[in-house]
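First up is the structure itself, then whatever we jot down about it.
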Amino acid sequence: VPSTPLQIDRADGTYSPVSIDCSSNARNGTISAPITLKAEHERQAHLVPSRANTDAFGIANCSYWTIEGLHMQGLGQSSAAACEISGGVLISVTTSHYINVKRNLVDRLDGNGNLAAIFIGYNSDHIVVEANEVYDIGLAGGQGSCPTACNCNNKAIQIYQSTDVVVRRNYVNQRSGRADLLEDINPYPASRVLVENNIVEQGGEAFSVDPSQYGPNGPTNSEDNQFYGNIAMGANL
């Protein structure tokens, strides 16, 4: 096991999606030797899916990783003609522990069917989501309007069935398109989540909590979540 930190730099350019899984194609860091994946020049390493239903970046079953300074972008190809649910998450962290997601640029989430630009989920814990910028998470990456009958409650940052998560100093802006059904920063459900000093502009429900969800193993509740010093402009709370 390495005893010193490891940094993996991505050179400037456009890349296919990245999928990291420490149970198959990668390894865990440790508290004394964490692993950092970052852009050589901040936000100049650009991850773009080549087709729909593909995550731009995903990390699963990992511990002690930092994802820093990348640019994840969706295709923005959905239309308002139907209630489409196609599209991928732009940053996905699942079943992972001690992960930092910071200083990334995330924009143009595809689809309109309850998707998230940054998704933290499935029993992840001790996650920090900090100083990211998230734009255009509504229909077709901000292009057009959501049909009234559709389930267009996309999220900028969603914490799902996870604990001990910090969401700090992020900026979210739905620059165009219909924003009133968005849920921008949303524990759904999750516990011990600290949401502080974030800014949401032109959003829907800027800061919200879903109290519980019933699954195959019984209910999952949201408990001990805290919101401090957040700002909503042109959005609901």
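We label chains A, B, ... in the order they appear in the structure tokens, count residues from 1 in each chain, and number ligands from 1 in the order shown.
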Quiz item: Excluding same-chain residues fewer than 4 positions from Val166 of chain A, what lies within 6 Å of it counting only C-alpha atoms, as a list in words?
Solution: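 Here the answer would be Val128, Val193 and Leu194 of chain A.
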Residues from the last selection, all heavy atoms, saved as a PDB file, in the first residue's frame:
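Below is the file that was written, result22.pdb:
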```pdb
ATOM      1  N   VAL A 128     -17.224  15.488   0.772  1.00  0.00           N
ATOM      2  CA  VAL A 128     -17.217  16.952   0.734  1.00  0.00           C
ATOM      3  C   VAL A 128     -17.416  17.397  -0.710  1.00  0.00           C
ATOM      4  O   VAL A 128     -16.658  16.996  -1.603  1.00  0.00           O
ATOM      5  CB  VAL A 128     -15.901  17.529   1.290  1.00  0.00           C
ATOM      6  CG1 VAL A 128     -15.896  19.051   1.143  1.00  0.00           C
ATOM      7  CG2 VAL A 128     -15.716  17.134   2.754  1.00  0.00           C
ATOM      8  N   VAL A 193     -26.182  15.947   6.978  1.00  0.00           N
ATOM      9  CA  VAL A 193     -25.687  16.724   5.836  1.00  0.00           C
ATOM     10  C   VAL A 193     -25.589  18.184   6.262  1.00  0.00           C
ATOM     11  O   VAL A 193     -26.549  18.749   6.788  1.00  0.00           O
ATOM     12  CB  VAL A 193     -26.619  16.598   4.620  1.00  0.00           C
ATOM     13  CG1 VAL A 193     -26.113  17.464   3.468  1.00  0.00           C
ATOM     14  CG2 VAL A 193     -26.726  15.139   4.186  1.00  0.00           C
ATOM     15  N   LEU A 194     -24.445  18.787   6.052  1.00  0.00           N
ATOM     16  CA  LEU A 194     -24.229  20.200   6.317  1.00  0.00           C
ATOM     17  C   LEU A 194     -24.212  20.945   4.994  1.00  0.00           C
ATOM     18  O   LEU A 194     -23.363  20.679   4.135  1.00  0.00           O
ATOM     19  CB  LEU A 194     -22.907  20.417   7.058  1.00  0.00           C
ATOM     20  CG  LEU A 194     -22.472  21.873   7.258  1.00  0.00           C
ATOM     21  CD1 LEU A 194     -23.481  22.653   8.087  1.00  0.00           C
ATOM     22  CD2 LEU A 194     -21.085  21.936   7.884  1.00  0.00           C
TER      23      LEU A 194
END
```
Quiz item: Leaving out Glu133 of chain A and any residue of its chain fewer than 5 positions from it, which residues lie within 8 Å of it when counting only C-alpha atoms, given as an NGL selection string?
Solution: :A and (103-106 or 170-172)
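Within 10 Å of Val209 of chain A, once only C-alpha atoms are used and residues closer than 5 positions along the same chain are dropped, the contacting residues are A:Gln158, A:Ile159, A:Glu183, A:Ile185, A:Asn186, A:Pro187, A:Tyr188, A:Pro189, A:Ala190, A:Ser222, A:Glu223, A:Asn225.
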Quiz item: Taking into account only C-alpha atoms, which residue in the set A:Ser92, A:Ser63, A:Ser24, A:Ser191 is nearest to Thr220 of chain A?
Solution: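 Going through A:Ser92, A:Ser63, A:Ser24, A:Ser191 one by one, the smallest distance to Thr220 of chain A is for A:Ser191.
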Self-check item: Pick from A:Asn132, A:Asn114, A:Thr54, A:Thr95, whichever lies nearest to Glu68 of chain A using only C-alpha atoms
Solution: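 Using only C-alpha atoms, Glu68 of chain A sits closest to A:Asn132.
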Quiz item: So, counting only C-alpha atoms, which residue among A:Arg175, A:Arg169, A:Lys102, A:Arg108 is closest to Thr36 of chain A?
Solution: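 Closest residue, counting only C-alpha atoms: A:Lys102.
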Quiz item: Near Arg10 of chain A, counting only C-alpha atoms, which residues have an atom at most 7 Å away, once you skip same-chain residues fewer than 2 positions from it, shown as a list in words?
Solution: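 So the residues in contact are Ile8, Asp12, Lys38, Ala39, Glu40 and Ala45 of chain A.
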Export of prior selection with N, CA, C and O atoms as a CSV table (one decimal), in the first residue's frame:
```csv
chain,number,residue,atom,x,y,z
A,8,ILE,N,-2.9,12.4,-9.9
A,8,ILE,CA,-3.1,12.1,-11.3
A,8,ILE,C,-3.6,13.3,-12.1
A,8,ILE,O,-4.7,13.8,-11.8
A,12,ASP,N,-4.8,19.2,-20.6
A,12,ASP,CA,-5.9,20.0,-21.3
A,12,ASP,C,-6.4,19.2,-22.5
A,12,ASP,O,-5.6,18.5,-23.2
A,38,LYS,N,-7.0,15.5,-10.9
A,38,LYS,CA,-7.2,16.9,-11.2
A,38,LYS,C,-6.7,17.3,-12.6
A,38,LYS,O,-5.9,16.6,-13.2
A,39,ALA,N,-7.3,18.4,-13.0
A,39,ALA,CA,-6.8,19.0,-14.3
A,39,ALA,C,-5.4,19.6,-14.2
A,39,ALA,O,-5.1,20.2,-13.1
A,40,GLU,N,-4.6,19.4,-15.2
A,40,GLU,CA,-3.3,20.1,-15.2
A,40,GLU,C,-3.5,21.6,-15.1
A,40,GLU,O,-2.8,22.3,-14.4
A,45,ALA,N,-9.5,20.3,-18.6
A,45,ALA,CA,-9.7,18.9,-18.9
A,45,ALA,C,-11.2,18.7,-19.0
A,45,ALA,O,-11.9,18.8,-17.9
```
Quiz item: Can you tell me how far atom CA of Phe227 of chain A sits from atom CA of Ser212 of chain A, in Å to one decimal?
Solution: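 Answer for the atom CA of Phe227 of chain A to atom CA of Ser212 of chain A separation: 17.8 Å.
Considering only C-alpha atoms, the residue among A:Pro5, A:Pro49, A:Leu115, A:Ser19 positioned nearest to Ile31 of chain A is A:Pro5.
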Self-check item: Distance criterion (only C-alpha atoms): nearest to Ser162 of chain A out of A:Asn100, A:Gln202, A:Thr94, A:Gln174
Solution: A:Thr94
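Distance annotation: of A:Leu70, A:Ala116, A:Cys62, A:Val93, the residue with the minimal separation from Gly138 of chain A is A:Ala116; atom set is only C-alpha atoms.
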